[in-house]
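Participant: My structure is in input27.txt, and what it holds is compact mmCIF, C-alpha atoms and all ligand atoms:
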```
# COMPACT_ATOMS: atom_id res chain seq x y z
CA MET A 910 -12.07 11.90 -23.39
CA MET A 911 -10.61 11.43 -26.88
CA LEU A 912 -6.81 11.46 -26.99
CA SER A 913 -4.86 14.12 -28.87
CA GLY A 914 -1.38 13.76 -30.31
CA ASN A 915 -0.07 15.27 -27.06
CA ALA A 916 -1.76 12.75 -24.77
CA LYS A 917 0.17 11.94 -21.58
CA LEU A 918 0.79 8.20 -21.23
CA ALA A 919 1.35 5.91 -18.25
CA GLY A 920 0.39 2.39 -17.20
CA VAL A 921 0.99 -0.55 -14.88
CA ILE A 922 3.50 -3.31 -15.60
CA GLY A 923 2.83 -6.72 -14.08
CA TRP A 924 2.79 -10.43 -14.89
CA PRO A 925 -0.06 -11.14 -14.84
CA VAL A 926 -1.70 -7.72 -14.85
CA SER A 927 -5.34 -8.51 -15.64
CA HIS A 928 -6.34 -8.49 -11.94
CA SER A 929 -4.93 -4.97 -11.40
CA LYS A 930 -7.38 -2.29 -10.31
CA SER A 931 -4.96 0.48 -11.29
CA PRO A 932 -6.26 1.07 -14.87
CA ARG A 933 -9.77 1.54 -13.52
CA LEU A 934 -8.57 3.77 -10.70
CA HIS A 935 -6.40 6.03 -12.86
CA GLY A 936 -9.02 5.97 -15.62
CA PHE A 937 -11.58 7.34 -13.16
CA TRP A 938 -9.30 10.27 -12.31
CA LEU A 939 -8.34 10.96 -15.95
CA ASP A 940 -12.03 11.22 -16.74
CA LYS A 941 -12.86 13.26 -13.63
CA TYR A 942 -10.13 15.84 -14.28
CA ASN A 943 -10.72 15.82 -18.05
CA ILE A 944 -7.07 15.06 -18.73
CA ASP A 945 -5.74 14.33 -22.21
CA GLY A 946 -4.06 11.12 -21.12
CA ALA A 947 -4.25 7.33 -20.90
CA TYR A 948 -3.25 4.66 -18.35
CA LEU A 949 -2.82 1.15 -19.73
CA PRO A 950 -2.45 -2.39 -18.34
CA LEU A 951 0.91 -3.70 -19.58
CA ALA A 952 1.48 -7.47 -19.27
CA VAL A 953 5.26 -7.94 -19.32
CA LYS A 954 7.12 -11.19 -18.60
CA PRO A 955 9.80 -11.07 -15.89
CA ASP A 956 12.75 -11.42 -18.28
CA GLU A 957 11.42 -8.65 -20.52
CA PHE A 958 10.89 -6.04 -17.81
CA GLU A 959 13.90 -3.88 -18.55
CA ILE A 960 13.43 -3.88 -22.32
CA ALA A 961 9.77 -2.97 -21.87
CA VAL A 962 10.55 -0.10 -19.50
CA ARG A 963 13.27 1.30 -21.79
CA GLY A 964 10.89 0.97 -24.74
CA LEU A 965 8.04 2.78 -22.99
CA HIS A 966 10.47 5.49 -21.91
CA ALA A 967 11.73 5.86 -25.49
CA ALA A 968 8.13 5.98 -26.73
CA GLY A 969 7.36 9.00 -24.56
CA PHE A 970 5.56 7.44 -21.59
CA ARG A 971 5.79 9.55 -18.42
CA GLY A 972 6.19 6.55 -16.16
CA VAL A 973 4.59 3.38 -14.88
CA ASN A 974 3.34 1.63 -11.81
CA VAL A 975 5.10 -1.64 -11.17
CA THR A 976 3.54 -4.67 -9.56
CA VAL A 977 4.36 -8.33 -8.92
CA PRO A 978 6.87 -9.78 -9.86
CA HIS A 979 8.84 -6.70 -11.01
CA LYS A 980 9.06 -4.52 -7.90
CA GLU A 981 12.66 -5.37 -6.97
CA ASN A 982 13.81 -5.21 -10.59
CA ALA A 983 12.34 -1.72 -10.88
CA LEU A 984 14.80 -0.52 -8.24
CA LYS A 985 17.74 -2.06 -10.07
CA ILE A 986 17.16 -0.39 -13.41
CA ALA A 987 16.46 3.09 -12.03
CA ASP A 988 18.97 5.95 -12.24
CA ARG A 989 17.69 7.39 -8.96
CA VAL A 990 15.87 5.82 -6.02
CA THR A 991 13.86 7.77 -3.45
CA GLU A 992 14.79 7.27 0.19
CA ARG A 993 11.54 5.47 0.98
CA ALA A 994 11.92 3.07 -1.98
CA ALA A 995 15.51 2.30 -0.97
CA LYS A 996 14.40 1.54 2.61
CA ILE A 997 11.63 -0.76 1.39
CA GLY A 998 13.87 -2.41 -1.19
CA ALA A 999 11.21 -2.35 -3.90
CA SER A 1000 9.52 0.18 -6.19
CA ASN A 1001 5.89 0.45 -7.25
CA THR A 1002 6.18 3.76 -9.12
CA LEU A 1003 8.65 4.74 -11.85
CA VAL A 1004 8.80 8.32 -13.08
CA PHE A 1005 10.46 9.00 -16.44
CA HIS A 1006 11.96 12.50 -16.24
CA GLU A 1007 12.47 14.89 -19.13
CA ASP A 1008 16.27 14.68 -18.76
CA GLY A 1009 15.98 11.00 -19.69
CA SER A 1010 16.48 9.61 -16.18
CA ILE A 1011 14.27 7.06 -14.44
CA GLU A 1012 13.36 7.60 -10.79
CA ALA A 1013 12.09 4.72 -8.64
CA ASP A 1014 9.71 5.54 -5.79
CA ASN A 1015 7.65 3.45 -3.39
CA THR A 1016 4.30 4.91 -2.35
CA ASP A 1017 2.94 2.01 -0.26
CA GLY A 1018 3.85 3.57 3.09
CA PHE A 1019 2.44 6.92 1.95
CA GLY A 1020 -0.79 5.17 0.91
CA PHE A 1021 -1.00 3.35 4.23
CA TYR A 1022 -0.56 6.51 6.31
CA GLU A 1023 -2.80 8.73 4.17
CA ASN A 1024 -5.52 6.06 4.42
CA LEU A 1025 -5.36 6.19 8.23
CA THR A 1026 -5.36 9.97 8.51
CA HIS A 1027 -8.15 10.43 5.93
CA GLY A 1028 -10.21 7.55 7.35
CA ALA A 1029 -9.77 8.58 11.01
CA PRO A 1030 -8.95 12.31 11.11
CA ASN A 1031 -8.86 12.41 14.93
CA TRP A 1032 -6.28 9.66 15.25
CA VAL A 1033 -2.76 10.88 16.07
CA ALA A 1034 0.16 8.54 15.39
CA SER A 1035 2.34 9.82 18.23
CA ASP A 1036 -0.35 9.29 20.88
CA GLY A 1037 0.66 5.72 21.75
CA PRO A 1038 1.98 2.30 20.77
CA ALA A 1039 1.08 0.58 17.52
CA VAL A 1040 0.60 -3.17 17.16
CA VAL A 1041 1.57 -4.57 13.77
CA LEU A 1042 0.71 -8.14 12.75
CA GLY A 1043 2.84 -9.66 9.99
CA ALA A 1044 6.39 -9.27 8.72
CA GLY A 1045 6.11 -9.68 4.93
CA GLY A 1046 6.64 -7.11 2.19
CA ALA A 1047 3.60 -5.05 3.14
CA ALA A 1048 4.72 -4.87 6.80
CA ARG A 1049 7.99 -3.26 5.82
CA ALA A 1050 6.28 -0.23 4.24
CA VAL A 1051 3.86 0.02 7.17
CA LEU A 1052 6.64 -0.03 9.78
CA ILE A 1053 8.67 2.63 7.98
CA ALA A 1054 5.59 4.85 7.66
CA LEU A 1055 4.68 4.46 11.34
CA ALA A 1056 8.22 5.30 12.48
CA LYS A 1057 8.23 8.38 10.24
CA ALA A 1058 4.88 9.45 11.69
CA GLY A 1059 6.35 9.44 15.20
CA VAL A 1060 4.76 6.31 16.71
CA PRO A 1061 6.65 5.93 20.03
CA GLU A 1062 6.59 2.10 20.17
CA ILE A 1063 5.78 -0.60 17.63
CA ARG A 1064 4.89 -4.08 18.88
CA LEU A 1065 5.60 -6.43 16.00
CA MET A 1066 4.28 -9.99 15.86
CA ASN A 1067 4.63 -12.59 13.16
CA ARG A 1068 3.92 -16.32 12.96
CA THR A 1069 7.56 -16.80 11.94
CA ARG A 1070 9.27 -14.76 14.66
CA ALA A 1071 12.64 -14.64 12.88
CA ARG A 1072 11.18 -12.52 10.06
CA ALA A 1073 9.96 -9.97 12.60
CA GLU A 1074 13.37 -9.94 14.28
CA ASN A 1075 15.08 -9.35 10.94
CA LEU A 1076 12.86 -6.35 10.29
CA ALA A 1077 13.46 -4.96 13.78
CA GLU A 1078 17.19 -5.24 13.25
CA GLU A 1079 17.18 -3.80 9.78
CA LEU A 1080 14.83 -0.85 10.15
CA ASP A 1081 15.43 2.36 12.07
CA ALA A 1082 12.14 2.09 13.98
CA PRO A 1083 11.21 1.61 17.69
CA ILE A 1084 10.20 -2.04 17.22
CA THR A 1085 9.72 -4.60 19.99
CA VAL A 1086 9.22 -8.14 18.72
CA ILE A 1087 6.58 -10.15 20.58
CA ASP A 1088 5.57 -13.80 20.15
CA TRP A 1089 2.65 -14.44 17.80
CA ASP A 1090 0.99 -16.39 20.63
CA LYS A 1091 1.02 -13.27 22.82
CA ARG A 1092 -0.96 -11.15 20.39
CA ASN A 1093 -4.03 -10.77 22.60
CA GLU A 1094 -2.11 -9.40 25.58
CA ALA A 1095 0.03 -7.17 23.34
CA LEU A 1096 -3.04 -5.05 22.58
CA ALA A 1097 -3.15 -3.54 26.08
CA GLY A 1098 -2.77 0.24 25.93
CA CYS A 1099 -2.27 0.40 22.16
CA ASN A 1100 -3.30 3.34 19.97
CA LEU A 1101 -3.36 1.38 16.68
CA LEU A 1102 -3.74 -2.21 15.53
CA THR A 1103 -2.97 -3.00 11.92
CA ASN A 1104 -3.06 -6.37 10.19
CA THR A 1105 -0.56 -6.79 7.35
CA THR A 1106 -0.91 -10.57 7.12
CA THR A 1107 -3.08 -12.32 4.57
CA LEU A 1108 -5.30 -13.71 7.33
CA GLY A 1109 -8.94 -12.73 6.87
CA MET A 1110 -8.57 -12.36 3.12
CA HIS A 1111 -11.22 -14.06 0.99
CA GLY A 1112 -10.19 -17.74 0.66
CA GLN A 1113 -7.66 -17.58 3.54
CA GLU A 1114 -8.00 -18.52 7.20
CA LEU A 1115 -9.55 -15.98 9.57
CA LEU A 1116 -7.36 -13.92 11.86
CA GLU A 1117 -7.82 -15.33 15.35
CA ILE A 1118 -7.37 -12.59 17.91
CA ASP A 1119 -9.14 -11.65 21.12
CA ILE A 1120 -9.36 -7.86 21.28
CA PHE A 1121 -10.79 -7.69 24.80
CA ASP A 1122 -7.69 -5.92 26.19
CA MET A 1123 -7.57 -3.27 23.46
CA PRO A 1124 -8.61 0.28 24.43
CA LYS A 1125 -11.79 1.45 22.70
CA THR A 1126 -9.88 4.57 21.69
CA ALA A 1127 -7.52 2.52 19.48
CA LEU A 1128 -7.83 2.71 15.70
CA VAL A 1129 -8.01 -0.65 13.91
CA ASN A 1130 -6.91 -1.13 10.30
CA ASP A 1131 -6.61 -4.08 7.97
CA ILE A 1132 -4.63 -3.93 4.77
CA VAL A 1133 -6.77 -6.79 3.43
CA TYR A 1134 -9.63 -5.29 1.38
CA VAL A 1135 -11.35 -8.40 0.02
CA PRO A 1136 -13.64 -8.51 1.93
CA LEU A 1137 -13.83 -4.84 2.83
CA MET A 1138 -15.05 -5.59 6.36
CA THR A 1139 -12.73 -8.36 7.53
CA ASN A 1140 -13.50 -10.38 10.63
CA LEU A 1141 -10.96 -8.23 12.49
CA LEU A 1142 -12.71 -4.98 11.52
CA GLU A 1143 -16.15 -6.40 12.36
CA LYS A 1144 -14.90 -7.39 15.79
CA ALA A 1145 -13.18 -4.05 16.40
CA LYS A 1146 -16.27 -2.10 15.38
CA ALA A 1147 -18.43 -4.11 17.75
CA HIS A 1148 -15.85 -3.40 20.50
CA GLY A 1149 -16.34 0.36 19.90
CA CYS A 1150 -13.13 1.12 18.01
CA ALA A 1151 -12.82 3.31 14.94
CA VAL A 1152 -11.93 1.16 11.91
CA VAL A 1153 -10.31 1.93 8.56
CA ASP A 1154 -10.49 -0.68 5.80
CA GLY A 1155 -7.69 -1.56 3.41
CA LEU A 1156 -9.10 -0.24 0.14
CA GLY A 1157 -7.95 3.30 0.88
CA MET A 1158 -4.30 2.23 0.98
CA LEU A 1159 -4.59 1.06 -2.62
CA LEU A 1160 -6.30 4.29 -3.64
CA HIS A 1161 -3.95 6.67 -1.83
CA GLN A 1162 -0.76 4.90 -2.96
CA ALA A 1163 -1.75 5.75 -6.53
CA ARG A 1164 -1.81 9.54 -5.93
CA PRO A 1165 1.92 10.38 -6.20
CA GLY A 1166 2.27 8.57 -9.55
CA PHE A 1167 -0.84 10.20 -10.98
CA ASN A 1168 0.44 13.60 -9.87
CA ALA A 1169 3.91 13.03 -11.38
CA TRP A 1170 2.58 11.81 -14.74
CA PHE A 1171 -0.58 13.85 -15.21
CA GLY A 1172 0.05 16.98 -13.09
CA THR A 1173 -2.84 16.79 -10.60
CA ASP A 1174 -2.91 15.46 -7.03
CA PRO A 1175 -6.19 13.53 -7.29
CA VAL A 1176 -8.82 13.22 -4.58
CA VAL A 1177 -9.79 9.90 -2.99
CA ASP A 1178 -13.52 10.06 -2.27
CA GLU A 1179 -16.57 7.81 -1.92
CA ASP A 1180 -17.34 7.97 -5.67
CA LEU A 1181 -13.89 6.57 -6.44
CA ARG A 1182 -14.23 3.85 -3.81
CA GLN A 1183 -17.58 2.73 -5.24
CA PHE A 1184 -16.25 2.79 -8.79
CA VAL A 1185 -13.24 0.65 -7.93
CA LEU A 1186 -15.39 -1.75 -5.88
CA GLU A 1187 -17.84 -2.26 -8.75
CA ASP A 1188 -15.07 -3.88 -10.76
P1 LIG B 1201 3.43 -9.65 1.59
O1 LIG B 1201 4.81 -9.47 1.12
O2 LIG B 1201 2.38 -9.29 0.58
O3 LIG B 1201 3.16 -9.03 2.93
P2 LIG B 1201 4.11 -12.30 2.46
O4 LIG B 1201 5.53 -11.92 2.45
O5 LIG B 1201 3.70 -13.61 1.92
O6 LIG B 1201 3.22 -11.22 1.74
O7 LIG B 1201 3.59 -12.15 3.97
C1 LIG B 1201 2.38 -12.64 4.37
C2 LIG B 1201 2.25 -12.41 5.87
O8 LIG B 1201 1.10 -13.11 6.33
C3 LIG B 1201 3.42 -12.95 6.66
O9 LIG B 1201 3.61 -12.14 7.79
C4 LIG B 1201 2.95 -14.33 7.04
O10 LIG B 1201 3.56 -14.90 8.16
P3 LIG B 1201 4.91 -15.78 7.99
O11 LIG B 1201 6.04 -14.81 7.84
O12 LIG B 1201 4.98 -16.59 9.22
O13 LIG B 1201 4.70 -16.63 6.76
C5 LIG B 1201 1.50 -14.05 7.34
N1 LIG B 1201 0.67 -15.25 7.27
C6 LIG B 1201 0.24 -15.88 6.17
N2 LIG B 1201 -0.52 -16.97 6.50
C7 LIG B 1201 -0.54 -17.02 7.87
C8 LIG B 1201 -1.16 -17.87 8.83
N3 LIG B 1201 -1.90 -18.95 8.46
N4 LIG B 1201 -0.98 -17.59 10.14
C9 LIG B 1201 -0.24 -16.54 10.54
N5 LIG B 1201 0.36 -15.68 9.68
C10 LIG B 1201 0.21 -15.92 8.35
```
For the file at hand, write its structure as structure tokens.
Ligand code: ATR

Facilitator:
Amino acid sequence: MMLSGNAKLAGVIGWPVSHSKSPRLHGFWLDKYNIDGAYLPLAVKPDEFEIAVRGLHAAGFRGVNVTVPHKENALKIADRVTERAAKIGASNTLVFHEDGSIEADNTDGFGFYENLTHGAPNWVASDGPAVVLGAGGAARAVLIALAKAGVPEIRLMNRTRARAENLAEELDAPITVIDWDKRNEALAGCNLLTNTTTLGMHGQELLEIDIFDMPKTALVNDIVYVPLMTNLLEKAKAHGCAVVDGLGMLLHQARPGFNAWFGTDPVVDEDLRQFVLED
């Protein structure tokens, strides 16, 4: 739609930002809900992050998404930080409030959990143990979300065991650290398996795991979404498990920002998935 003088403005700040799917995703919703608003890609160098944010704020923007390499900086310049962003130690969503304050939020864990519950409506987090592979930045949001959802036990494995141990120590979550080499056996009796490593991503090595011991009732998720059906998901599907791909996490994590800036909690549906995939 054509913009009026009252158009609501938001965007995504990154360096680089040209790979970001967020303008297309938010643009789809702006169009769908016929909103007088715009969402722009904003390429901002690391040392100009703060000046850019203050400038956008002064220019009447309602907020921005923040991506690599600015996510930690976004926390530092905010006046207020949500509990989940503070726990994760990074922010992907800044909301500029009418009183002039900047609030930093992190919606990655929300996106992760909403993706699971929308993709597998019969799955219940508290029904049994979750196995989490990986201990990088993405794992942190996943672990916090699983603990909040009431998962009784989280079996955490990472190639570099010390990173998993650090997370277990730092987070208030029922985490047991297990050796990366024991990942096949660790699947026994689990209710969820989620891969937060980069293994299986286009151009990376495949994730080597034998899922023979995993119950067929377990839900399997990959946060990798290029390709959409990773080797892990293919294997899990053939085993009889329900699978949820990683694209939905990206789509759902965008909802709280869109709602804060444009006033509508948008729907994630198949049309949106196809539109974002066509990019
Ligand atoms: P992010 O913050 O996006 O999660 P990251 O911090 O680079 O990214 O984490 C990538 C994850 O993939 C880590 O858990 C990493 O394991 P290490 O902590 O041992 O590096 C995991 N990973 C990447 N390549 C791997 C490989 N070849 N084998 C096993 N794990 C791998």

Participant: Which residue is closest to Gly964 in chain A? Choose from A:Val1133, A:Asp1178, A:Phe1005, A:Arg1072 and count only C-alpha atoms.

Facilitator: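 Nearest to Gly964 in chain A: A:Phe1005.
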
Participant: CA of Thr1139 in chain A and CA of Ile1053 in chain A are how many Å apart?

Facilitator: 24.1 Å

Participant: Please produce, as CSV, a per-residue contact table for chain A versus ligand LIG 1201 (chain B) (criterion: any atom at most 9 Å away, only C-alpha atoms and all ligand atoms considered), showing the nearest atom pair and its distance in Å to one decimal, sorted by chain then residue number.

Facilitator:
```
residue,atom,partner,partner_atom,distance
A:Leu1042,CA,B:LIG1201,O9,7.0
A:Gly1043,CA,B:LIG1201,O9,3.4
A:Ala1044,CA,B:LIG1201,O9,4.1
A:Gly1045,CA,B:LIG1201,O4,3.4
A:Gly1046,CA,B:LIG1201,O1,3.2
A:Ala1047,CA,B:LIG1201,O3,4.0
A:Ala1048,CA,B:LIG1201,O3,5.9
A:Arg1049,CA,B:LIG1201,O3,8.1
A:Met1066,CA,B:LIG1201,O9,8.4
A:Asn1067,CA,B:LIG1201,O9,5.5
A:Arg1068,CA,B:LIG1201,O12,3.9
A:Thr1069,CA,B:LIG1201,O12,3.8
A:Arg1070,CA,B:LIG1201,O12,7.2
A:Ala1071,CA,B:LIG1201,O11,8.3
A:Arg1072,CA,B:LIG1201,O11,6.0
A:Ala1073,CA,B:LIG1201,O11,7.8
A:Trp1089,CA,B:LIG1201,C9,8.1
A:Asn1104,CA,B:LIG1201,O8,8.8
A:Thr1105,CA,B:LIG1201,O3,6.2
A:Thr1106,CA,B:LIG1201,O8,3.3
A:Thr1107,CA,B:LIG1201,O8,4.6
A:Leu1108,CA,B:LIG1201,C7,5.8
A:Gln1113,CA,B:LIG1201,N3,7.7
A:Glu1114,CA,B:LIG1201,N3,6.2
A:Leu1115,CA,B:LIG1201,N3,8.3
A:Leu1116,CA,B:LIG1201,N4,7.6
A:Glu1117,CA,B:LIG1201,N4,8.9
```

Participant: Write out as a list of chain:residue names the residues lying within 12 Å of Arg993 in chain A, counting all atoms listed in the file and excluding same-chain residues fewer than 5 positions away.

Facilitator: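 Everything that qualifies: A:Leu984, A:Gly998, A:Ala999, A:Ser1000, A:Asn1001, A:Thr1002, A:Ala1013, A:Asp1014, A:Asn1015, A:Thr1016, A:Asp1017, A:Gly1018, A:Phe1019, A:Arg1049, A:Ala1050, A:Val1051, A:Leu1052, A:Ile1053, A:Ala1054, A:Ala1056, A:Lys1057, A:Leu1080.
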
Participant: Would you mind exporting the chosen residues as a PDB file, in the frame of the given file, restricted to C-alpha atoms?

Facilitator:
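Output file again_17.pdb follows:
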```pdb
ATOM      1  CA  LEU A 984      14.800  -0.520  -8.240  1.00  0.00           C
ATOM      2  CA  GLY A 998      13.870  -2.410  -1.190  1.00  0.00           C
ATOM      3  CA  ALA A 999      11.210  -2.350  -3.900  1.00  0.00           C
ATOM      4  CA  SER A1000       9.520   0.180  -6.190  1.00  0.00           C
ATOM      5  CA  ASN A1001       5.890   0.450  -7.250  1.00  0.00           C
ATOM      6  CA  THR A1002       6.180   3.760  -9.120  1.00  0.00           C
ATOM      7  CA  ALA A1013      12.090   4.720  -8.640  1.00  0.00           C
ATOM      8  CA  ASP A1014       9.710   5.540  -5.790  1.00  0.00           C
ATOM      9  CA  ASN A1015       7.650   3.450  -3.390  1.00  0.00           C
ATOM     10  CA  THR A1016       4.300   4.910  -2.350  1.00  0.00           C
ATOM     11  CA  ASP A1017       2.940   2.010  -0.260  1.00  0.00           C
ATOM     12  CA  GLY A1018       3.850   3.570   3.090  1.00  0.00           C
ATOM     13  CA  PHE A1019       2.440   6.920   1.950  1.00  0.00           C
ATOM     14  CA  ARG A1049       7.990  -3.260   5.820  1.00  0.00           C
ATOM     15  CA  ALA A1050       6.280  -0.230   4.240  1.00  0.00           C
ATOM     16  CA  VAL A1051       3.860   0.020   7.170  1.00  0.00           C
ATOM     17  CA  LEU A1052       6.640  -0.030   9.780  1.00  0.00           C
ATOM     18  CA  ILE A1053       8.670   2.630   7.980  1.00  0.00           C
ATOM     19  CA  ALA A1054       5.590   4.850   7.660  1.00  0.00           C
ATOM     20  CA  ALA A1056       8.220   5.300  12.480  1.00  0.00           C
ATOM     21  CA  LYS A1057       8.230   8.380  10.240  1.00  0.00           C
ATOM     22  CA  LEU A1080      14.830  -0.850  10.150  1.00  0.00           C
TER      23      LEU A1080
END
```

Participant: Counting all atoms listed in the file, I want the residues whose atoms come within 10 Å of (-0.7, -6.3, 17.1) in the file frame, returned as an MDAnalysis selection string.

Facilitator: chainID A and resid 1038:1043 1063:1067 1087 1089 1091:1097 1099 1101:1105 1118 1120 1123 1129

Participant: Please build the interface table for range 953-1037 of chain A against range 1146-1166 of chain A with a cut-off of 8 Å, listing for each qualifying residue the nearest atom pair and the distance in Å to one decimal; count only C-alpha atoms, order rows by chain and increasing number, and write it as a Markdown table.

Facilitator:
```
| residue | atom | partner | partner_atom | distance |
| --- | --- | --- | --- | --- |
| A:Gly972 | CA | A:Gly1166 | CA | 7.9 |
| A:Val973 | CA | A:Gly1166 | CA | 7.8 |
| A:Asn974 | CA | A:Gly1166 | CA | 7.4 |
| A:Thr1002 | CA | A:Gly1166 | CA | 6.2 |
| A:Leu1003 | CA | A:Gly1166 | CA | 7.8 |
| A:Val1004 | CA | A:Gly1166 | CA | 7.4 |
| A:Thr1016 | CA | A:Gln1162 | CA | 5.1 |
| A:Asp1017 | CA | A:Gln1162 | CA | 5.4 |
| A:Gly1018 | CA | A:Gln1162 | CA | 7.7 |
| A:Phe1019 | CA | A:Gln1162 | CA | 6.2 |
| A:Gly1020 | CA | A:Gln1162 | CA | 3.9 |
| A:Phe1021 | CA | A:Met1158 | CA | 4.8 |
| A:Tyr1022 | CA | A:Met1158 | CA | 7.8 |
| A:Glu1023 | CA | A:His1161 | CA | 6.4 |
| A:Asn1024 | CA | A:Gly1157 | CA | 5.1 |
| A:Leu1025 | CA | A:Val1153 | CA | 6.5 |
| A:Gly1028 | CA | A:Val1153 | CA | 5.7 |
| A:Ala1029 | CA | A:Val1153 | CA | 7.1 |
```

Participant: Pick out the closest residue to Thr1173 in chain A from this set: A:Ile922, A:Glu1143, A:Tyr942, A:Pro932. Count all atoms listed in the file.

Facilitator: A:Tyr942

Participant: Mind checking which residues fall within 9 Å of Val1033 in chain A, counting all atoms listed in the file, ignoring those fewer than 4 positions away in the same chain, and posting them as a list in words?

Facilitator: Thr1026, Ala1029, Gly1037, Ala1058, Val1060 and Asn1100 of chain A

Participant: Go ahead and compute the interatomic distance for CA of Ala1034 in chain A and CA of Leu1055 in chain A, in Å to one decimal.

Facilitator: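 Computed distance, CA of Ala1034 in chain A to CA of Leu1055 in chain A, equals 7.3 Å.
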
Participant: Of the residues A:Ala968, A:Leu918, A:Asn943, A:Val926, which is the one nearest to Pro1175 in chain A, using all atoms listed in the file?

Facilitator: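 Using all atoms listed in the file, Pro1175 in chain A sits closest to A:Asn943.
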
Participant: For CA of Asp1131 in chain A and CA of Trp924 in chain A, determine how far apart the two atoms are, in Å to one decimal place.

Facilitator: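 CA of Asp1131 in chain A sits 25.5 Å away from CA of Trp924 in chain A.
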
Participant: Edge lengths and centre, in Å to one decimal, as lines of an AutoDock Vina configuration file: that's what I need for the box along x, y and z that holds all listed atoms of range 965-969 of chain A plus 6 Å on each side.

Facilitator:
```
center_x = 9.5
center_y = 5.9
center_z = -24.3
size_x = 16.4
size_y = 18.2
size_z = 16.8
```

Participant: Of the candidates A:Ile944, A:Leu965, A:Ala1127, A:Leu912, which shows the shortest atom-to-atom distance to Trp1032 in chain A, using all atoms listed in the file?

Facilitator: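 Using all atoms listed in the file, Trp1032 in chain A sits closest to A:Ala1127.
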